[in-house]
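Asks: Next up is a structure, given as structure tokens.
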Amino acid sequence: STAQMAAFLPGREDAPSAIAERRERAVILADLMSQLAPDHREVLMLRNLQGLAFQEVAERMDRSVPAAKMLWVRAIKHLRERYMRQDPI
């Protein structure tokens with residue numbers, strides 16, 4: 001069937017151009033993260049890259065859970081603003 005054949009063919013997300021684009025975005029994101037304030041960088045690393053719950057993020061950062069959540073929201077906002085100022089890929 002068509003579905004079985006499609007399973008053996010490389011998907012668009014596996015195309016060399018898609019892989020290169022993901023790598024380029026990862027480099028841009030890493031550069032933008034390095035420009036953030038240290039506490040913003042830390043909260044994003046703990047929450048988004050390590051996948052920790054806000055309770056654990058708060059404990060590791062010695063903050064209350066609401067404070068950790070607000071810090072995360074602000075960090076996302078600053079990262080998004082910096083990303084939007086970048087040239088399109």
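Chain lettering (A, B, ...) mirrors the order of the structure tokens, residue numbering begins at 1 for each chain separately, and ligand numbering begins at 1 in order of display.
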May I have all residues of chain A that DSSP, computed from the backbone, assigns to helix (DSSP H, G or I), given as a VMD selection string?
Replies: chain A and resid 2 to 8 12 to 14 16 to 35 38 to 49 54 to 61 65 to 84
Asks: Could you write out the selected residues, including C-alpha atoms, as an mmCIF file, in the first residue's frame?
Replies:
```
data_model
loop_
_atom_site.group_PDB
_atom_site.id
_atom_site.type_symbol
_atom_site.label_atom_id
_atom_site.label_comp_id
_atom_site.auth_asym_id
_atom_site.auth_seq_id
_atom_site.Cartn_x
_atom_site.Cartn_y
_atom_site.Cartn_z
ATOM 1 C CA THR A 2 0.996 3.626 -0.266
ATOM 2 C CA ALA A 3 1.351 3.957 3.516
ATOM 3 C CA GLN A 4 3.733 1.000 3.664
ATOM 4 C CA MET A 5 5.817 2.391 0.807
ATOM 5 C CA ALA A 6 5.952 5.813 2.445
ATOM 6 C CA ALA A 7 7.355 4.221 5.600
ATOM 7 C CA PHE A 8 10.446 3.150 3.647
ATOM 8 C CA ARG A 12 10.823 15.638 4.209
ATOM 9 C CA GLU A 13 12.134 16.174 7.735
ATOM 10 C CA ASP A 14 15.047 13.843 6.868
ATOM 11 C CA PRO A 16 19.530 17.182 3.804
ATOM 12 C CA SER A 17 18.137 20.703 3.486
ATOM 13 C CA ALA A 18 15.813 20.156 6.464
ATOM 14 C CA ILE A 19 18.652 18.747 8.542
ATOM 15 C CA ALA A 20 20.859 21.721 7.636
ATOM 16 C CA GLU A 21 18.074 24.149 8.515
ATOM 17 C CA ARG A 22 17.548 22.513 11.924
ATOM 18 C CA ARG A 23 21.287 22.704 12.611
ATOM 19 C CA GLU A 24 21.397 26.361 11.605
ATOM 20 C CA ARG A 25 18.460 27.168 13.873
ATOM 21 C CA ALA A 26 20.151 25.301 16.730
ATOM 22 C CA VAL A 27 23.310 27.399 16.277
ATOM 23 C CA ILE A 28 21.270 30.611 16.217
ATOM 24 C CA LEU A 29 19.339 29.538 19.299
ATOM 25 C CA ALA A 30 22.530 28.668 21.181
ATOM 26 C CA ASP A 31 23.979 32.058 20.286
ATOM 27 C CA LEU A 32 20.822 33.852 21.427
ATOM 28 C CA MET A 33 20.750 31.849 24.665
ATOM 29 C CA SER A 34 24.325 32.915 25.393
ATOM 30 C CA GLN A 35 23.194 36.550 25.181
ATOM 31 C CA PRO A 38 22.383 34.077 33.465
ATOM 32 C CA ASP A 39 19.156 33.417 35.398
ATOM 33 C CA HIS A 40 17.139 33.442 32.156
ATOM 34 C CA ARG A 41 19.576 31.022 30.569
ATOM 35 C CA GLU A 42 19.458 28.755 33.609
ATOM 36 C CA VAL A 43 15.665 28.607 33.827
ATOM 37 C CA LEU A 44 15.399 27.796 30.105
ATOM 38 C CA MET A 45 18.065 25.097 30.385
ATOM 39 C CA LEU A 46 16.387 23.479 33.378
ATOM 40 C CA ARG A 47 12.816 23.709 32.101
ATOM 41 C CA ASN A 48 13.146 23.286 28.343
ATOM 42 C CA LEU A 49 16.324 21.327 27.788
ATOM 43 C CA PHE A 54 8.616 23.940 37.776
ATOM 44 C CA GLN A 55 8.832 22.580 41.325
ATOM 45 C CA GLU A 56 12.298 21.191 40.654
ATOM 46 C CA VAL A 57 13.369 24.277 38.698
ATOM 47 C CA ALA A 58 12.323 26.423 41.669
ATOM 48 C CA GLU A 59 14.231 24.214 44.112
ATOM 49 C CA ARG A 60 17.405 24.233 42.030
ATOM 50 C CA MET A 61 17.241 28.000 41.578
ATOM 51 C CA VAL A 65 7.426 28.061 42.127
ATOM 52 C CA PRO A 66 5.524 31.230 41.078
ATOM 53 C CA ALA A 67 8.831 33.124 40.859
ATOM 54 C CA ALA A 68 10.375 30.359 38.735
ATOM 55 C CA LYS A 69 7.356 30.396 36.416
ATOM 56 C CA MET A 70 7.511 34.180 36.021
ATOM 57 C CA LEU A 71 11.245 34.033 35.371
ATOM 58 C CA TRP A 72 10.627 31.376 32.709
ATOM 59 C CA VAL A 73 7.918 33.492 31.047
ATOM 60 C CA ARG A 74 10.253 36.495 30.952
ATOM 61 C CA ALA A 75 13.124 34.393 29.622
ATOM 62 C CA ILE A 76 10.931 33.017 26.825
ATOM 63 C CA LYS A 77 9.793 36.552 25.999
ATOM 64 C CA HIS A 78 13.362 37.859 25.788
ATOM 65 C CA LEU A 79 14.513 34.886 23.730
ATOM 66 C CA ARG A 80 11.571 35.280 21.347
ATOM 67 C CA GLU A 81 12.265 39.004 20.926
ATOM 68 C CA ARG A 82 15.898 38.324 20.098
ATOM 69 C CA TYR A 83 14.963 35.518 17.713
ATOM 70 C CA MET A 84 12.460 37.700 15.854
#
```
